[in-house]
>>> print(open('protein_15.txt').read())   # compact mmCIF, C-alpha atoms
# COMPACT_ATOMS: atom_id res chain seq x y z
CA MET J 1 3.10 -29.36 -31.64
CA ASP J 2 4.60 -26.55 -33.73
CA ALA J 3 2.24 -23.96 -32.35
CA VAL J 4 3.23 -24.87 -28.81
CA ALA J 5 6.94 -24.64 -29.65
CA THR J 6 6.43 -21.23 -31.28
CA PHE J 7 4.49 -20.05 -28.27
CA LEU J 8 7.15 -21.26 -25.85
CA ALA J 9 9.95 -19.69 -27.91
CA MET J 10 8.38 -16.22 -27.48
CA GLY J 11 10.00 -14.98 -30.68
CA GLY J 12 13.45 -15.83 -29.34
CA TYR J 13 12.92 -13.98 -26.08
CA ALA J 14 11.84 -16.99 -24.01
CA GLY J 15 14.74 -16.44 -21.61
CA PHE J 16 13.39 -13.02 -20.70
CA VAL J 17 9.61 -13.42 -20.91
CA TRP J 18 9.19 -16.67 -18.95
CA PRO J 19 11.43 -15.77 -16.01
CA SER J 20 9.50 -12.46 -15.68
CA PHE J 21 6.19 -14.28 -15.36
CA ALA J 22 7.67 -17.02 -13.17
CA LEU J 23 9.14 -14.50 -10.72
CA THR J 24 5.93 -12.47 -10.59
CA PHE J 25 3.80 -15.49 -9.75
CA ALA J 26 6.39 -16.92 -7.35
CA VAL J 27 6.47 -13.68 -5.34
CA MET J 28 2.70 -13.26 -5.33
CA ILE J 29 1.91 -16.87 -4.45
CA GLY J 30 4.67 -16.88 -1.82
CA LEU J 31 3.28 -13.76 -0.11
CA ALA J 32 -0.27 -15.10 -0.24
CA VAL J 33 0.73 -18.48 1.25
CA ALA J 34 2.85 -16.86 3.99
CA SER J 35 -0.01 -14.49 4.88
CA ARG J 36 -2.55 -17.34 5.04
CA ARG J 37 -0.21 -19.33 7.26
CA ALA J 38 0.31 -16.43 9.66
CA LEU J 39 -3.47 -15.98 9.85
CA ARG J 40 -4.08 -19.67 10.62
CA LYS J 41 -1.37 -19.63 13.27
CA ALA J 42 -2.86 -16.57 14.99
CA GLN J 43 -6.34 -18.11 14.87
CA ARG J 44 -5.06 -21.35 16.46
CA GLN J 45 -3.26 -19.45 19.22
CA LEU J 46 -6.40 -17.47 20.00
CA GLU J 47 -8.48 -20.65 20.20
CA LEU J 48 -5.98 -22.25 22.59
CA LEU J 49 -5.93 -19.18 24.80
CA GLU J 50 -9.69 -18.94 24.93
CA GLN J 51 -9.98 -22.62 25.85
CA SER J 52 -7.52 -22.17 28.70
CA ARG J 53 -9.58 -19.36 30.21
CA PRO J 54 -12.85 -20.93 31.28
CA ALA J 55 -14.17 -17.92 33.18
CA ARG J 56 -14.35 -15.12 30.63
CA ARG J 57 -14.63 -11.72 32.19
CA ALA J 58 -15.19 -8.52 30.32
CA ARG J 59 -11.87 -6.77 30.21
CA PRO J 60 -11.44 -3.05 30.55
CA GLY J 61 -9.84 -1.32 27.58
CA LYS J 62 -9.52 -2.43 24.01
CA ALA J 63 -9.62 -6.14 23.26
CA ALA J 64 -7.59 -6.01 20.08
CA MET M 65 -17.55 4.46 7.05
CA LEU M 66 -14.08 4.83 8.57
CA THR M 67 -15.51 5.48 12.03
CA ARG M 68 -17.87 2.53 11.79
CA LEU M 69 -14.96 0.28 10.86
CA ALA M 70 -12.95 1.52 13.84
CA ASN M 71 -14.47 -1.38 15.73
CA PRO M 72 -12.13 -4.31 14.90
CA THR M 73 -14.86 -6.91 15.42
CA ARG M 74 -17.06 -5.18 12.89
CA PHE M 75 -14.14 -4.89 10.50
CA LEU M 76 -13.34 -8.60 10.83
CA ARG M 77 -16.94 -9.50 10.12
CA LEU M 78 -17.01 -7.35 6.98
CA ALA M 79 -13.66 -8.78 5.84
CA ASP M 80 -14.96 -12.33 6.26
CA ARG M 81 -17.97 -11.52 4.16
CA LEU M 82 -15.89 -9.92 1.35
CA LEU M 83 -12.95 -12.32 1.23
CA PRO M 84 -14.50 -15.30 -0.65
CA TRP M 85 -15.66 -12.96 -3.44
CA LEU M 86 -12.36 -11.10 -3.60
CA GLY M 87 -10.37 -14.35 -3.72
CA GLY M 88 -12.49 -15.80 -6.51
CA LEU M 89 -12.43 -12.60 -8.57
CA THR M 90 -8.64 -12.33 -8.15
CA VAL M 91 -8.08 -15.81 -9.58
CA LEU M 92 -10.50 -15.22 -12.49
CA ALA M 93 -8.95 -11.86 -13.39
CA PHE M 94 -5.47 -13.37 -13.23
CA ILE M 95 -6.34 -16.22 -15.57
CA ALA M 96 -8.06 -13.85 -18.01
CA GLY M 97 -5.28 -11.25 -18.01
CA THR M 98 -2.42 -13.73 -18.27
CA VAL M 99 -3.95 -15.88 -21.01
CA TRP M 100 -4.91 -12.76 -22.95
CA GLY M 101 -1.50 -11.15 -22.48
CA LEU M 102 0.59 -14.20 -23.28
CA GLY M 103 -1.57 -15.89 -25.89
CA TYR M 104 -3.75 -13.37 -27.69
CA ALA M 105 -2.26 -9.89 -27.45
CA PRO M 106 -0.10 -9.18 -30.51
CA ALA M 107 3.68 -8.95 -30.33
CA ASP M 108 5.04 -5.42 -30.73
CA TYR M 109 6.46 -4.56 -34.16
CA GLN M 110 9.67 -3.24 -32.61
CA GLN M 111 9.95 -5.11 -29.35
CA GLY M 112 8.62 -8.50 -30.47
CA ASP M 113 7.44 -10.75 -27.68
CA THR M 114 9.38 -8.94 -24.95
CA VAL M 115 6.46 -6.52 -24.85
CA ARG M 116 4.57 -9.24 -22.96
CA ILE M 117 6.79 -8.55 -19.96
CA MET M 118 4.81 -5.33 -19.70
CA PHE M 119 1.74 -7.28 -18.57
CA VAL M 120 3.45 -8.08 -15.27
CA HIS M 121 6.01 -5.27 -15.08
CA VAL M 122 3.61 -2.34 -15.33
CA PRO M 123 0.89 -3.60 -12.92
CA ALA M 124 3.62 -4.56 -10.41
CA ALA M 125 5.13 -1.06 -10.63
CA TRP M 126 1.69 0.55 -10.23
CA LEU M 127 0.97 -1.59 -7.18
CA ALA M 128 4.38 -0.79 -5.70
CA MET M 129 3.47 2.91 -5.90
CA PHE M 130 -0.13 2.34 -4.80
CA GLY M 131 1.07 0.24 -1.87
CA TYR M 132 3.39 2.96 -0.66
CA SER M 133 0.77 5.70 -1.06
CA PHE M 134 -1.71 3.54 0.83
CA MET M 135 0.85 2.95 3.57
CA ALA M 136 1.68 6.66 3.86
CA ILE M 137 -1.99 7.71 4.00
CA ALA M 138 -2.80 5.01 6.58
CA SER M 139 0.23 6.13 8.62
CA PHE M 140 -0.99 9.72 8.52
CA VAL M 141 -4.50 8.71 9.62
CA GLY M 142 -2.96 6.63 12.41
CA LEU M 143 -0.73 9.43 13.64
CA VAL M 144 -3.29 12.22 13.48
CA TRP M 145 -6.62 10.57 14.30
CA LYS M 146 -5.33 7.43 16.05
CA HIS M 147 -7.68 5.27 13.99
CA PRO M 148 -7.19 1.81 15.49
CA LEU M 149 -7.03 0.05 12.13
CA ALA M 150 -4.72 2.52 10.41
CA ASP M 151 -1.38 1.19 11.61
CA VAL M 152 -2.63 -2.37 11.15
CA ALA M 153 -3.41 -1.57 7.52
CA ALA M 154 -0.08 0.20 6.94
CA LYS M 155 1.92 -2.65 8.46
CA ALA M 156 -0.02 -5.25 6.46
CA ALA M 157 0.55 -3.41 3.17
CA ALA M 158 4.34 -3.09 3.46
CA PRO M 159 5.45 -6.63 2.49
CA LEU M 160 3.01 -6.62 -0.43
CA GLY M 161 4.35 -3.32 -1.74
CA ALA M 162 7.92 -4.51 -1.26
CA GLY M 163 7.14 -7.69 -3.20
CA PHE M 164 5.61 -5.75 -6.09
CA CYS M 165 8.53 -3.32 -6.07
CA LEU M 166 10.99 -6.21 -6.33
CA VAL M 167 8.97 -7.75 -9.18
CA ALA M 168 8.91 -4.41 -11.03
CA LEU M 169 12.69 -4.01 -10.63
CA VAL M 170 13.61 -7.53 -11.76
CA THR M 171 11.14 -7.77 -14.64
CA GLY M 172 12.26 -4.31 -15.75
CA SER M 173 15.80 -5.61 -15.81
CA LEU M 174 14.73 -8.68 -17.81
CA TRP M 175 13.02 -6.34 -20.28
CA GLY M 176 15.88 -3.83 -20.35
CA GLN M 177 18.57 -6.33 -21.30
CA PRO M 178 17.07 -7.37 -24.68
CA MET M 179 15.61 -3.91 -25.53
CA TRP M 180 18.11 -1.39 -24.14
CA GLY M 181 21.12 -3.69 -24.13
CA THR M 182 21.65 -3.33 -20.40
CA TRP M 183 20.25 -4.85 -17.23
CA TRP M 184 20.48 -1.65 -15.24
CA VAL M 185 21.23 2.07 -15.55
CA TRP M 186 21.48 4.55 -12.71
CA ASP M 187 18.92 6.90 -14.13
CA ALA M 188 16.13 8.70 -12.27
CA ARG M 189 13.33 6.16 -12.77
CA LEU M 190 15.32 3.07 -11.91
CA THR M 191 17.16 4.66 -9.02
CA SER M 192 14.02 6.15 -7.44
CA MET M 193 12.33 2.76 -7.76
CA LEU M 194 15.26 1.14 -5.97
CA VAL M 195 14.95 3.79 -3.24
CA LEU M 196 11.26 2.89 -2.95
CA PHE M 197 12.25 -0.73 -2.37
CA PHE M 198 14.72 0.27 0.36
CA LEU M 199 12.06 2.43 2.01
CA TYR M 200 9.76 -0.58 2.17
CA VAL M 201 12.54 -2.73 3.63
CA GLY M 202 13.40 -0.04 6.20
CA TYR M 203 9.75 0.28 7.19
CA ILE M 204 9.40 -3.48 7.69
CA ALA M 205 12.68 -3.61 9.63
CA LEU M 206 11.56 -0.79 11.91
CA TRP M 207 8.36 -2.63 12.83
CA SER M 208 10.28 -5.77 13.73
CA ALA M 209 12.99 -3.87 15.63
CA ILE M 210 10.58 -2.36 18.20
CA ASP M 211 8.60 -4.81 20.33
CA GLU M 212 5.81 -2.57 21.55
CA PRO M 213 3.21 -2.07 18.79
CA GLU M 214 2.31 1.47 19.93
CA ARG M 215 5.87 2.75 19.72
CA ALA M 216 6.73 0.75 16.60
CA SER M 217 3.70 2.09 14.75
CA LYS M 218 4.62 5.69 15.52
CA ALA M 219 8.25 5.34 14.41
CA ALA M 220 7.29 3.40 11.29
CA ALA M 221 4.57 5.91 10.42
CA ILE M 222 7.06 8.78 10.50
CA LEU M 223 9.43 6.86 8.22
CA ALA M 224 6.55 6.12 5.82
CA LEU M 225 5.57 9.79 5.70
CA VAL M 226 9.10 11.08 5.16
CA GLY M 227 9.63 8.49 2.42
CA ALA M 228 6.39 9.50 0.69
CA VAL M 229 8.27 12.34 -1.01
CA ASN M 230 9.80 9.64 -3.22
CA VAL M 231 6.44 8.60 -4.73
CA PRO M 232 5.96 11.66 -6.98
CA ILE M 233 9.65 11.44 -7.85
CA VAL M 234 9.15 7.91 -9.18
CA LYS M 235 6.02 8.92 -11.08
CA PHE M 236 7.43 12.04 -12.73
CA SER M 237 11.07 10.96 -13.04
CA VAL M 238 10.50 10.06 -16.69
CA ASP M 239 9.32 13.62 -17.42
CA TRP M 240 11.78 15.55 -15.26
CA TRP M 241 15.01 13.86 -16.33
CA SER M 242 16.16 12.22 -19.53
CA THR M 243 16.14 8.49 -19.14
CA LEU M 244 16.15 5.23 -21.05
CA HIS M 245 12.79 4.42 -19.50
CA GLN M 246 9.84 5.26 -21.70
CA PRO M 247 7.38 7.93 -20.48
CA SER M 248 3.89 7.08 -19.21
CA SER M 249 1.68 5.69 -21.94
CA VAL M 250 -1.43 4.79 -19.94
CA MET M 251 -1.88 7.25 -17.07
CA ARG M 252 -1.70 10.46 -19.04
CA LEU M 253 -3.91 13.51 -18.94
CA ASP M 254 -4.58 13.26 -22.68
CA GLY M 255 -5.48 9.56 -22.56
CA PRO M 256 -3.51 6.38 -23.19
CA THR M 257 -1.24 6.23 -26.20
CA ILE M 258 -0.94 2.48 -26.48
CA ASP M 259 -3.01 0.31 -28.77
CA PRO M 260 -6.26 -1.13 -27.34
CA SER M 261 -5.16 -4.67 -28.27
CA ILE M 262 -2.42 -4.33 -25.65
CA LEU M 263 -4.13 -1.87 -23.32
CA TRP M 264 -7.08 -4.14 -22.48
CA PRO M 265 -5.12 -7.18 -21.29
CA LEU M 266 -2.88 -4.77 -19.38
CA LEU M 267 -5.87 -3.25 -17.60
CA VAL M 268 -7.33 -6.70 -16.81
CA ASN M 269 -4.02 -7.71 -15.25
CA ALA M 270 -3.87 -4.42 -13.34
CA ILE M 271 -7.32 -5.18 -11.90
CA ALA M 272 -6.12 -8.70 -11.01
CA PHE M 273 -3.09 -7.28 -9.17
CA GLN M 274 -5.27 -4.75 -7.35
CA LEU M 275 -7.76 -7.45 -6.28
CA TYR M 276 -4.87 -9.59 -5.10
CA PHE M 277 -3.54 -6.68 -3.06
CA VAL M 278 -6.88 -6.15 -1.29
CA THR M 279 -7.39 -9.87 -0.67
CA VAL M 280 -3.97 -10.52 0.85
CA LEU M 281 -4.09 -7.18 2.70
CA LEU M 282 -7.31 -8.27 4.45
CA TRP M 283 -5.74 -11.65 5.38
CA ARG M 284 -2.74 -9.86 6.81
CA MET M 285 -4.85 -7.32 8.71
CA LYS M 286 -6.93 -10.13 10.19
CA ALA M 287 -3.77 -11.96 11.27
CA GLU M 288 -2.39 -8.79 12.85
CA LEU M 289 -5.61 -8.02 14.75
CA ILE M 290 -5.89 -11.58 16.05
CA GLY M 291 -2.17 -11.57 16.90
CA ARG M 292 -2.62 -8.41 18.98
CA ARG M 293 -5.54 -9.96 20.80
CA VAL M 294 -3.42 -13.03 21.53
CA ARG M 295 -0.68 -10.75 22.86
CA ALA M 296 -3.10 -8.84 25.08
CA LEU M 297 -4.57 -12.07 26.45
CA THR M 298 -1.13 -13.60 27.10
CA LEU M 299 0.01 -10.47 28.93
CA GLY M 300 -3.24 -10.54 30.93
CA LEU M 301 -2.69 -14.18 31.90
CA ALA M 302 0.91 -13.52 32.87
CA ALA M 303 -0.14 -10.55 35.00
CA ARG M 304 -2.74 -12.63 36.83
CA GLU M 305 -0.33 -15.47 37.52
CA ALA M 306 2.38 -13.18 38.83
>>> encode(input="protein_15.txt", output="structure tokens")
Amino acid sequence: MDAVATFLAMGGYAGFVWPSFALTFAVMIGLAVASRRALRKAQRQLELLEQSRPARRARPGKAA
Amino acid sequence: MLTRLANPTRFLRLADRLLPWLGGLTVLAFIAGTVWGLGYAPADYQQGDTVRIMFVHVPAAWLAMFGYSFMAIASFVGLVWKHPLADVAAKAAAPLGAGFCLVALVTGSLWGQPMWGTWWVWDARLTSMLVLFFLYVGYIALWSAIDEPERASKAAAILALVGAVNVPIVKFSVDWWSTLHQPSSVMRLDGPTIDPSILWPLLVNAIAFQLYFVTVLLWRMKAELIGRRVRALTLGLAAREA
């Protein structure tokens, strides 16, 4: 158990090292999750819209 | 390559093919870099274990600069050649760059307090990095303030290009002005000056951050392209019903 305690203590700098890593991963995971969610939402909206338009005509101009 | 990808459908297909690989590699590189950096890399003889903060601080700062350069180049391509994916890419990159910039600022502060004895100094490196963060925030705010994508993209692109002057200032601030911040020790013309036992885990983490950037960027670009299609379809429906 000693090795774990030494590792967690980070040579007395635990209060600086761990928050740095925690913040980094929190920001990165948060951005990834938010981006995934926005993508899913857009995909669902597109599906709904395409279901509600049975007769699909080719549209002039850009589609996206 | 760029002209071929101008077709959004083709781009989406390529993105879908790449994304599973990119996602998997990102996770693997993260695990390797973090375990190596926290568990196996040696503590510094002067800085002790605080040197481990470098393994997230430095890649985050690099990505904050890379993200802004990417955004500025994409904005330029969008303004000049009207490449249809350029403003989508620039808009998608902004929140990622802002996130990395924030991480670099806060972890730098958490490293500065034990090593320099202060959380913050108004010197060139720290101040120009803070300006970079505000540029990102301004860019994001400009996009959300203007409803029409065509007009928003033009205004935001001009802001991104004007702000690009700050990128070399951040990079060279440690050489041009005296500062508490240490000079570059990896990206130097005469080669890195830090020990390989620390350099390798740092580079692995930098690759992990870069892979993460590309992965999430592609998700965001996909969401934006699909969102624009939804918008076009909704407007089309509304026009037909009216």
>>> interface_residues(input="protein_15.txt", of="chain J", to="chain M", cutoff="7 Å", atoms="only C-alpha atoms", output="ChimeraX atom specification")
/J:10-11,13,16-17,20-21,23-24,27,32,35-36,38-39,42-43,45-46,63-64
>>> residues_around(input="protein_15.txt", residues="M:Ser261", least_positions_apart="5", cutoff="10 Å", atoms="all atoms listed in the file", output="ChimeraX atom specification")
/M:100-101,104-106,266
>>> atom_distance(input="protein_15.txt", atom1="atom CA of M:Leu78", atom2="atom CA of M:Gln274")
18.7 Å
>>> closest_residue(input="protein_15.txt", among="M:Glu305, M:Pro123, M:Trp207, M:Thr182", to="M:Leu263", atoms="only C-alpha atoms")
M:Pro123
>>> atom_distance(input="protein_15.txt", atom1="atom CA of M:Gly202", atom2="atom CA of M:Leu86")
29.7 Å
